[in-house]
>>> print(open('upload22.txt').read())   # compact mmCIF, C-alpha atoms (C1' of nucleotides)
# COMPACT_ATOMS: atom_id res chain seq x y z
CA MET A 1 0.00 0.00 0.00
CA LEU A 2 1.17 3.51 -0.72
CA PHE A 3 -0.66 5.11 2.21
CA THR A 4 -0.69 4.39 5.93
CA THR A 5 -3.10 1.86 7.38
CA ALA A 6 -4.93 4.70 9.15
CA THR A 7 -5.67 6.31 5.78
CA GLY A 8 -6.87 3.00 4.38
CA TYR A 9 -9.16 2.53 7.38
CA ALA A 10 -10.51 6.06 6.97
CA LEU A 11 -11.35 5.49 3.32
CA ARG A 12 -13.04 2.17 4.04
CA ALA A 13 -14.98 3.72 6.91
CA LEU A 14 -16.23 6.65 4.86
CA ALA A 15 -17.28 4.30 2.07
CA GLY A 16 -19.00 2.03 4.60
CA LEU A 17 -21.27 4.68 6.12
CA PRO A 18 -24.87 4.99 4.91
CA GLU A 19 -25.90 7.98 2.84
CA ASP A 20 -29.47 8.23 4.12
CA GLY A 21 -28.60 10.61 6.94
CA SER A 22 -28.78 7.97 9.65
CA PHE A 23 -26.11 7.65 12.32
CA CYS A 24 -23.81 4.66 12.55
CA LEU A 25 -21.96 3.46 15.63
CA ALA A 26 -18.19 3.29 15.52
CA LYS A 27 -18.14 -0.24 16.85
CA ASP A 28 -20.74 -1.49 14.37
CA LEU A 29 -18.76 -0.01 11.53
CA ALA A 30 -15.54 -1.49 12.87
CA ALA A 31 -17.12 -4.93 13.20
CA ARG A 32 -18.53 -4.78 9.69
CA LEU A 33 -15.21 -3.70 8.18
CA GLY A 34 -13.05 -5.94 10.32
CA ILE A 35 -11.06 -3.01 11.72
CA PRO A 36 -9.92 -2.69 15.37
CA GLY A 37 -12.73 -0.79 17.10
CA PRO A 38 -10.88 1.66 19.38
CA TYR A 39 -8.45 2.53 16.63
CA LEU A 40 -11.22 3.23 14.15
CA ALA A 41 -12.92 5.43 16.75
CA LYS A 42 -9.77 7.55 16.93
CA ILE A 43 -9.66 7.86 13.16
CA LEU A 44 -13.34 8.82 13.00
CA GLN A 45 -12.66 11.60 15.51
CA GLY A 46 -10.06 12.96 13.13
CA LEU A 47 -12.51 12.85 10.25
CA VAL A 48 -14.97 14.84 12.36
CA GLN A 49 -12.33 17.54 12.90
CA ALA A 50 -11.58 17.46 9.17
CA ASP A 51 -15.26 18.20 8.56
CA MET A 52 -15.98 15.01 6.63
CA LEU A 53 -18.03 13.42 9.41
CA GLU A 54 -20.36 14.73 12.08
CA SER A 55 -20.98 12.96 15.34
CA VAL A 56 -23.66 12.82 18.02
CA ARG A 57 -23.00 11.45 21.48
CA GLY A 58 -25.30 9.36 23.60
CA PRO A 59 -28.00 6.85 22.74
CA LYS A 60 -29.07 6.99 19.08
CA GLY A 61 -25.81 8.80 18.41
CA GLY A 62 -22.96 7.84 16.12
CA PHE A 63 -21.32 9.15 12.97
CA ARG A 64 -22.55 10.22 9.55
CA LEU A 65 -21.17 11.99 6.49
CA THR A 66 -21.38 15.78 6.43
CA ARG A 67 -21.69 15.75 2.63
CA PRO A 68 -22.85 13.36 -0.06
CA ALA A 69 -20.17 10.74 -0.76
CA HIS A 70 -19.53 12.07 -4.26
CA ARG A 71 -18.43 15.39 -2.71
CA ILE A 72 -15.58 13.85 -0.69
CA THR A 73 -12.50 13.04 -2.74
CA VAL A 74 -9.93 10.41 -1.93
CA GLY A 75 -7.28 13.10 -2.15
CA GLU A 76 -8.99 15.14 0.53
CA VAL A 77 -8.90 12.18 2.92
CA VAL A 78 -5.26 11.44 2.16
CA VAL A 79 -4.27 15.06 2.77
CA ALA A 80 -6.24 15.17 6.02
CA LEU A 81 -4.49 12.08 7.38
CA GLU A 82 -1.01 12.31 5.86
CA GLY A 83 -0.44 15.92 4.92
CA ALA A 84 -0.23 17.59 1.53
CA ASP A 85 3.27 16.54 0.53
CA THR A 86 3.03 12.76 0.75
CA LEU A 87 4.46 12.28 -2.70
CA GLU A 88 7.04 15.07 -2.60
CA GLY A 89 10.77 14.63 -2.98
CA CYS A 90 13.11 12.23 -4.76
CA ILE A 91 11.81 8.67 -4.85
CA MET A 92 15.18 7.41 -3.61
CA GLY A 93 15.83 10.26 -1.21
CA PHE A 94 18.80 11.68 -3.10
CA PRO A 95 19.41 15.19 -1.82
CA THR A 96 21.09 16.20 -5.07
CA CYS A 97 18.13 15.14 -7.21
CA SER A 98 16.19 17.97 -8.85
CA GLY A 99 14.77 18.99 -12.18
CA ASP A 100 18.22 20.20 -13.27
CA HIS A 101 20.02 17.12 -11.90
CA PRO A 102 17.51 14.32 -12.10
CA CYS A 103 18.08 10.85 -10.73
CA PRO A 104 17.44 7.96 -13.13
CA LEU A 105 13.91 7.54 -11.78
CA HIS A 106 13.11 11.23 -11.63
CA GLU A 107 11.06 11.40 -14.78
CA ALA A 108 9.12 8.20 -14.15
CA TRP A 109 8.42 9.24 -10.58
CA GLY A 110 7.28 12.68 -11.68
CA ALA A 111 4.81 11.13 -14.09
CA VAL A 112 3.61 8.86 -11.31
CA LYS A 113 3.04 11.74 -8.94
CA THR A 114 1.02 13.62 -11.53
CA GLN A 115 -1.02 10.55 -12.40
CA ILE A 116 -1.75 9.50 -8.83
CA SER A 117 -2.53 13.04 -7.69
CA SER A 118 -5.09 13.59 -10.41
CA SER A 119 -6.61 10.16 -9.85
CA MET A 120 -6.95 10.96 -6.16
CA THR A 121 -8.67 14.27 -6.74
CA GLU A 122 -11.04 12.71 -9.25
CA ALA A 123 -12.00 9.61 -7.29
CA THR A 124 -14.59 10.11 -4.57
CA ILE A 125 -15.93 8.09 -1.68
CA ARG A 126 -18.93 7.32 -3.89
CA ASP A 127 -16.65 5.45 -6.27
CA LEU A 128 -15.41 3.37 -3.35
CA GLN A 129 -18.99 2.56 -2.31
CA LEU A 130 -19.79 1.41 -5.83
CA MET A 131 -16.74 -0.81 -5.92
CA ASP A 132 -17.69 -2.56 -2.68
CA LEU A 133 -21.35 -2.87 -3.73
CA LYS A 134 -20.28 -4.48 -6.97
CA HIS A 135 -18.09 -6.87 -5.04
CA LEU A 136 -20.93 -7.90 -2.74
CA LYS A 137 -23.37 -8.35 -5.64
CA ASP A 138 -20.93 -10.52 -7.57
CA ALA A 139 -20.17 -12.62 -4.51
CA LYS A 140 -23.90 -13.16 -3.94
CA GLY A 141 -24.37 -14.10 -7.61
CA HIS A 142 -21.71 -16.77 -7.37
CA ALA A 143 -23.24 -18.19 -4.24
CA ALA A 144 -26.67 -18.29 -5.89
CA VAL A 145 -25.32 -20.55 -8.61
CA LYS A 146 -24.27 -23.20 -6.13
CA PRO A 147 -27.54 -24.68 -4.80
CA MET B 148 10.34 9.40 -0.67
CA LEU B 149 8.78 6.10 -1.65
CA PHE B 150 11.42 3.95 0.05
CA THR B 151 12.79 3.86 3.58
CA THR B 152 15.72 6.07 4.55
CA ALA B 153 17.86 2.94 4.93
CA THR B 154 17.30 2.11 1.27
CA GLY B 155 18.15 5.67 0.27
CA TYR B 156 21.34 5.51 2.33
CA ALA B 157 22.25 2.16 0.75
CA LEU B 158 21.85 3.53 -2.76
CA ARG B 159 23.88 6.62 -1.98
CA ALA B 160 26.58 4.50 -0.34
CA LEU B 161 26.88 2.11 -3.27
CA ALA B 162 27.07 5.03 -5.67
CA GLY B 163 29.68 6.70 -3.48
CA LEU B 164 32.13 3.81 -3.41
CA PRO B 165 35.10 3.80 -5.80
CA GLU B 166 35.17 1.35 -8.69
CA ASP B 167 38.94 0.85 -8.80
CA GLY B 168 38.91 -2.12 -6.41
CA SER B 169 40.17 -0.12 -3.43
CA PHE B 170 38.58 -0.42 -0.01
CA CYS B 171 36.70 2.45 1.60
CA LEU B 172 36.10 2.92 5.31
CA ALA B 173 32.53 3.07 6.53
CA LYS B 174 33.16 6.22 8.52
CA ASP B 175 34.85 8.02 5.62
CA LEU B 176 31.94 7.18 3.37
CA ALA B 177 29.46 8.31 6.01
CA ALA B 178 31.28 11.61 6.48
CA ARG B 179 31.42 12.22 2.76
CA LEU B 180 27.72 11.48 2.28
CA GLY B 181 26.54 13.18 5.46
CA ILE B 182 24.98 9.98 6.81
CA PRO B 183 25.13 8.87 10.48
CA GLY B 184 28.20 6.65 10.71
CA PRO B 185 27.04 3.75 12.92
CA TYR B 186 23.77 3.52 11.02
CA LEU B 187 25.50 3.38 7.66
CA ALA B 188 27.81 0.68 9.03
CA LYS B 189 24.76 -1.45 9.80
CA ILE B 190 23.40 -0.91 6.32
CA LEU B 191 26.73 -1.80 4.73
CA GLN B 192 26.76 -5.07 6.70
CA GLY B 193 23.42 -5.89 5.12
CA LEU B 194 24.78 -5.15 1.67
CA VAL B 195 27.66 -7.54 2.35
CA GLN B 196 25.18 -10.31 3.19
CA ALA B 197 23.24 -9.43 0.04
CA ASP B 198 26.46 -9.97 -1.92
CA MET B 199 26.69 -6.45 -3.28
CA LEU B 200 29.65 -5.48 -1.10
CA GLU B 201 32.63 -7.33 0.28
CA SER B 202 34.43 -6.30 3.42
CA VAL B 203 37.82 -6.73 5.03
CA ARG B 204 38.43 -6.12 8.73
CA GLY B 205 41.36 -4.45 10.32
CA PRO B 206 43.82 -1.80 9.13
CA LYS B 207 43.67 -1.25 5.36
CA GLY B 208 40.26 -2.87 5.45
CA GLY B 209 36.89 -1.46 4.51
CA PHE B 210 34.21 -2.07 1.92
CA ARG B 211 34.14 -2.35 -1.86
CA LEU B 212 31.70 -3.41 -4.56
CA THR B 213 31.64 -7.09 -5.48
CA ARG B 214 30.64 -6.23 -9.05
CA PRO B 215 30.98 -3.28 -11.40
CA ALA B 216 28.42 -0.61 -10.60
CA HIS B 217 26.55 -1.16 -13.86
CA ARG B 218 25.83 -4.73 -12.78
CA ILE B 219 23.93 -3.72 -9.63
CA THR B 220 20.41 -2.51 -10.27
CA VAL B 221 18.43 -0.15 -8.10
CA GLY B 222 15.68 -2.77 -7.94
CA GLU B 223 18.08 -5.31 -6.51
CA VAL B 224 18.99 -2.95 -3.69
CA VAL B 225 15.36 -2.11 -2.96
CA VAL B 226 14.42 -5.80 -2.82
CA ALA B 227 17.37 -6.58 -0.53
CA LEU B 228 16.38 -3.87 1.95
CA GLU B 229 12.59 -3.82 1.74
CA GLY B 230 11.53 -7.17 0.35
CA ALA B 231 10.16 -8.12 -3.04
CA ASP B 232 6.58 -6.96 -2.55
CA THR B 233 7.10 -3.30 -1.69
CA LEU B 234 4.68 -2.20 -4.37
CA GLU B 235 2.21 -5.06 -4.03
CA GLY B 236 -1.41 -4.71 -3.05
CA CYS B 237 -4.13 -2.08 -3.36
CA ILE B 238 -2.83 1.48 -3.12
CA MET B 239 -5.53 2.26 -0.55
CA GLY B 240 -5.39 -1.07 1.25
CA PHE B 241 -8.85 -2.21 0.22
CA PRO B 242 -9.03 -5.95 0.82
CA THR B 243 -11.76 -6.35 -1.81
CA CYS B 244 -9.68 -4.70 -4.54
CA SER B 245 -8.50 -7.01 -7.32
CA GLY B 246 -8.34 -7.22 -11.08
CA ASP B 247 -11.96 -8.35 -11.17
CA HIS B 248 -13.13 -5.76 -8.64
CA PRO B 249 -10.78 -2.84 -9.06
CA CYS B 250 -10.79 0.23 -6.87
CA PRO B 251 -10.94 3.60 -8.66
CA LEU B 252 -7.17 3.94 -8.50
CA HIS B 253 -6.43 0.33 -9.43
CA GLU B 254 -5.59 0.95 -13.05
CA ALA B 255 -3.48 4.04 -12.42
CA TRP B 256 -1.66 2.30 -9.59
CA GLY B 257 -1.07 -0.77 -11.74
CA ALA B 258 0.49 1.36 -14.46
CA VAL B 259 2.63 3.03 -11.82
CA LYS B 260 3.87 -0.27 -10.43
CA THR B 261 4.80 -1.48 -13.89
CA GLN B 262 6.55 1.77 -14.71
CA ILE B 263 8.47 2.05 -11.46
CA SER B 264 9.41 -1.62 -11.41
CA SER B 265 10.87 -1.52 -14.89
CA SER B 266 12.66 1.75 -14.18
CA MET B 267 14.16 0.18 -11.08
CA THR B 268 15.40 -2.91 -12.88
CA GLU B 269 16.87 -0.79 -15.67
CA ALA B 270 18.60 1.84 -13.55
CA THR B 271 21.93 0.78 -12.04
CA ILE B 272 24.29 2.14 -9.44
CA ARG B 273 26.41 3.41 -12.32
CA ASP B 274 23.56 5.74 -13.33
CA LEU B 275 23.50 7.11 -9.80
CA GLN B 276 27.27 7.72 -9.91
CA LEU B 277 26.90 9.64 -13.15
CA MET B 278 24.12 11.76 -11.72
CA ASP B 279 26.20 12.77 -8.73
CA LEU B 280 29.30 13.38 -10.87
CA LYS B 281 27.28 15.66 -13.11
CA HIS B 282 26.01 17.51 -10.08
CA LEU B 283 29.51 18.06 -8.73
CA LYS B 284 30.83 19.20 -12.10
CA ASP B 285 28.02 21.70 -12.56
CA ALA B 286 28.45 23.04 -9.04
CA LYS B 287 32.19 23.49 -9.65
CA GLY B 288 31.45 25.31 -12.90
CA HIS B 289 29.17 27.76 -11.16
CA ALA B 290 31.71 28.44 -8.44
CA ALA B 291 34.41 29.04 -11.05
CA VAL B 292 32.43 31.92 -12.50
CA LYS B 293 32.48 33.79 -9.21
CA PRO B 294 36.10 34.98 -8.71
C1' DT C 295 -33.99 13.27 37.86
C1' DA C 296 -31.46 8.88 37.34
C1' DA C 297 -29.70 5.38 34.42
C1' DT C 298 -27.76 4.39 30.24
C1' DA C 299 -25.50 4.80 25.80
C1' DA C 300 -22.26 6.80 22.99
C1' DA C 301 -18.40 9.83 21.42
C1' DA C 302 -14.25 12.76 23.21
C1' DA C 303 -9.98 12.86 25.22
C1' DG C 304 -5.97 11.31 27.14
C1' DA C 305 -2.88 7.72 29.07
C1' DT C 306 -0.97 3.52 28.15
C1' DA C 307 1.05 -0.76 25.33
C1' DA C 308 3.28 -2.94 21.34
C1' DA C 309 5.73 -2.84 16.99
C1' DT C 310 8.61 -0.85 13.74
C1' DC C 311 12.08 2.41 12.18
C1' DA C 312 16.10 5.36 12.88
C1' DG C 313 20.09 5.75 15.22
C1' DT C 314 23.69 4.81 18.99
C1' DC C 315 26.83 2.15 21.77
C1' DC C 316 29.63 -1.64 23.28
C1' DT C 317 32.01 -5.95 22.91
C1' DA C 318 34.01 -9.52 20.00
C1' DA C 319 36.54 -11.09 16.01
C1' DA C 320 39.79 -10.42 12.30
C1' DT C 321 43.64 -8.28 10.08
C1' DT C 322 47.78 -5.54 9.72
C1' DA C 323 52.03 -3.31 11.44
C1' DG C 324 55.62 -3.11 14.47
C1' DC D 325 53.47 -11.71 19.95
C1' DT D 326 51.35 -7.36 20.83
C1' DA D 327 48.98 -3.20 19.78
C1' DA D 328 46.17 -0.76 16.76
C1' DT D 329 42.51 -0.65 13.40
C1' DT D 330 38.38 -1.94 11.37
C1' DT D 331 34.18 -4.76 10.52
C1' DA D 332 30.49 -8.02 12.89
C1' DG D 333 27.00 -8.57 15.99
C1' DG D 334 24.06 -7.53 19.58
C1' DA D 335 21.87 -4.69 23.03
C1' DC D 336 19.98 -0.44 23.74
C1' DT D 337 17.50 4.46 23.12
C1' DG D 338 14.10 7.53 20.98
C1' DA D 339 10.39 8.61 17.75
C1' DT D 340 6.48 7.34 15.23
C1' DT D 341 2.71 4.32 14.09
C1' DT D 342 -0.70 1.09 15.47
C1' DA D 343 -3.76 -0.29 18.85
C1' DT D 344 -5.97 -0.53 23.54
C1' DC D 345 -7.89 1.15 27.86
C1' DT D 346 -9.92 4.39 31.07
C1' DT D 347 -12.21 8.48 32.28
C1' DT D 348 -15.03 12.37 31.07
C1' DT D 349 -18.63 14.64 28.59
C1' DT D 350 -22.94 14.71 26.16
C1' DA D 351 -27.34 13.09 24.93
C1' DT D 352 -31.45 10.03 25.33
C1' DT D 353 -34.94 7.64 27.79
C1' DA D 354 -37.46 5.95 31.40
>>> encode(input="upload22.txt", output="structure tokens")
Amino acid sequence: MLFTTATGYALRALAGLPEDGSFCLAKDLAARLGIPGPYLAKILQGLVQADMLESVRGPKGGFRLTRPAHRITVGEVVVALEGADTLEGCIMGFPTCSGDHPCPLHEAWGAVKTQISSSMTEATIRDLQLMDLKHLKDAKGHAAVKP
Amino acid sequence: MLFTTATGYALRALAGLPEDGSFCLAKDLAARLGIPGPYLAKILQGLVQADMLESVRGPKGGFRLTRPAHRITVGEVVVALEGADTLEGCIMGFPTCSGDHPCPLHEAWGAVKTQISSSMTEATIRDLQLMDLKHLKDAKGHAAVKP
DNA sequence: TAATAAAAAGATAAATCAGTCCTAAATTAG
DNA sequence: CTAATTTAGGACTGATTTATCTTTTTATTA
């Protein structure tokens, strides 16, 4: 994986929340996604501060999206959890590497950064929901063939 | 940087060793590269076990390449220090992501992996030497203009 | 109002990475 | 043979990431 596990958990959590305005408990979400509960709770707190989730405490409380899923980009989540310059710098860490004095991977890595960055700003949480829905549907279809 | 600092240090160290068959002391190399000495020594030990360096103990000892620099690829060094599957898996860590059920970044990330992998197996330590030589030459040229 | 349920917040482990330090082993020079 | 030099190997420290636990705060419900 290119990102940290916390970022991966955050993306899966956002994609796993309902879009009907109902609240979802951290521990239910964690159980459904197979993610450590207390750790996910911490990550959800961060997403609340980053204004992607809102939370309500007490009975009937939980978390929900502050915006429709197609208005939250993958890039926004990555920046919130890892900072804006995740992909900056020489791929091999050479201090002398620059546009004027490129390392042998400089050009390839530059193209990668451009490609990944634009993919991240284009892809939204909605796209992640659709992927998981498709996966579930296909899995069900296969099972239905069996009996 | 995409790789660990240890991998970056290893690449810089290999590129900084002479190719004339002479031995170089770990601490001299560390001083020249601006890398913490004891840490570099550890990394060099690993490169000996990976058969990219050979070492001799005692006075007049040190480290040298086991092969010409153009016979050691960047990919080989990365694999030795980080394992073969550094770039494996979904970029976002989605367990459901696969060729059949791709995440929105699957295709872009796949292209990236192919591109970076082939660049890494093509680029050699010799290319890194040339880059640094060019950098030094250019810097000297600029300084020469001054007085 | 009292009991309960849930997130917020902070302290505490465990694991990995980056870096240091010390002792042992090997080689050379005198 | 002895002393000096240098790598080998292991134990150790500190920072960050991952994960857990406990306490506090907020909200609901009876």
>>> residues_near_point(input="upload22.txt", point="(-11.6, 14.2, 4.7)", cutoff="7 Å", atoms="all atoms listed in the file", output="ChimeraX atom specification")
/A:47,50-52,72,76-77,80
>>> closest_residue(input="upload22.txt", among="A:Pro102, A:Pro59, A:Gly34, A:Gly21", to="DA297 in chain C", atoms="only C-alpha atoms (C1' of nucleotides)")
A:Pro59
>>> interface_residues(input="upload22.txt", of="chain C", to="chain A", cutoff="7 Å", atoms="all atoms listed in the file", output="list in words")
DA299, DA300 and DA301 of chain C
>>> write_last_selection(input="upload22.txt", atoms="C-alpha atoms (C1' of nucleotides)", output="PDB file, in the coordinates of the input")
ATOM      1  C1'  DA C 299     -25.500   4.800  25.800  1.00  0.00           C
ATOM      2  C1'  DA C 300     -22.260   6.800  22.990  1.00  0.00           C
ATOM      3  C1'  DA C 301     -18.400   9.830  21.420  1.00  0.00           C
TER       4       DA C 301
END
>>> atom_distance(input="upload22.txt", atom1="CA of Leu136 in chain A", atom2="CA of Asp28 in chain A")
18.3 Å
>>> residues_around(input="upload22.txt", residues="Ser264 in chain B", least_positions_apart="2", cutoff="12 Å", atoms="all atoms listed in the file", output="JSON, numbers by chain")
{"A": [105, 108, 109, 112], "B": [220, 221, 222, 223, 225, 226, 231, 232, 233, 234, 235, 256, 257, 258, 259, 260, 261, 262, 266, 267, 268, 269, 270]}
>>> closest_atom_pairs(input="upload22.txt", of="range 177-251 of chain B", to="range 306-313 of chain C", cutoff="10 Å", atoms="only C-alpha atoms (C1' of nucleotides)", output="CSV")
residue,atom,partner,partner_atom,distance
B:Pro183,CA,C:DG313,C1',7.6
B:Gly184,CA,C:DG313,C1',9.3
B:Pro185,CA,C:DG313,C1',7.6
B:Tyr186,CA,C:DG313,C1',6.0
B:Leu187,CA,C:DG313,C1',9.6
>>> interface_residues(input="upload22.txt", of="chain B", to="chain A", cutoff="6 Å", atoms="all atoms listed in the file", output="mmCIF file with C-alpha atoms, keeping the file's coordinate frame")
data_model
loop_
_atom_site.group_PDB
_atom_site.id
_atom_site.type_symbol
_atom_site.label_atom_id
_atom_site.label_comp_id
_atom_site.auth_asym_id
_atom_site.auth_seq_id
_atom_site.Cartn_x
_atom_site.Cartn_y
_atom_site.Cartn_z
ATOM 1 C CA MET B 148 10.340 9.400 -0.670
ATOM 2 C CA LEU B 149 8.780 6.100 -1.650
ATOM 3 C CA GLY B 155 18.150 5.670 0.270
ATOM 4 C CA GLY B 236 -1.410 -4.710 -3.050
ATOM 5 C CA CYS B 237 -4.130 -2.080 -3.360
ATOM 6 C CA ILE B 238 -2.830 1.480 -3.120
ATOM 7 C CA MET B 239 -5.530 2.260 -0.550
ATOM 8 C CA GLY B 240 -5.390 -1.070 1.250
ATOM 9 C CA VAL B 259 2.630 3.030 -11.820
#
>>> atom_distance(input="upload22.txt", atom1="CA of Glu166 in chain B", atom2="CA of Leu212 in chain B")
7.2 Å
>>> atom_distance(input="upload22.txt", atom1="C1' of DA351 in chain D", atom2="CA of Arg64 in chain A")
16.4 Å
>>> interface_residues(input="upload22.txt", of="chain D", to="chain A", cutoff="7 Å", atoms="all atoms listed in the file", output="ChimeraX atom specification")
/D:343-344,350-352
>>> axis_aligned_box(input="upload22.txt", around="range 295-308 of chain C", padding_each_side="4 Å", output="JSON")
{"center_x": -15.4, "center_y": 5.2, "center_z": 29.6, "size_x": 45.3, "size_y": 24.2, "size_z": 24.5}
>>> residues_near_point(input="upload22.txt", point="(24.9, -10.3, 19.2)", cutoff="10 Å", atoms="all atoms listed in the file", output="PyMOL selection string")
(chain C and resi 317-318) or (chain D and resi 332-335)
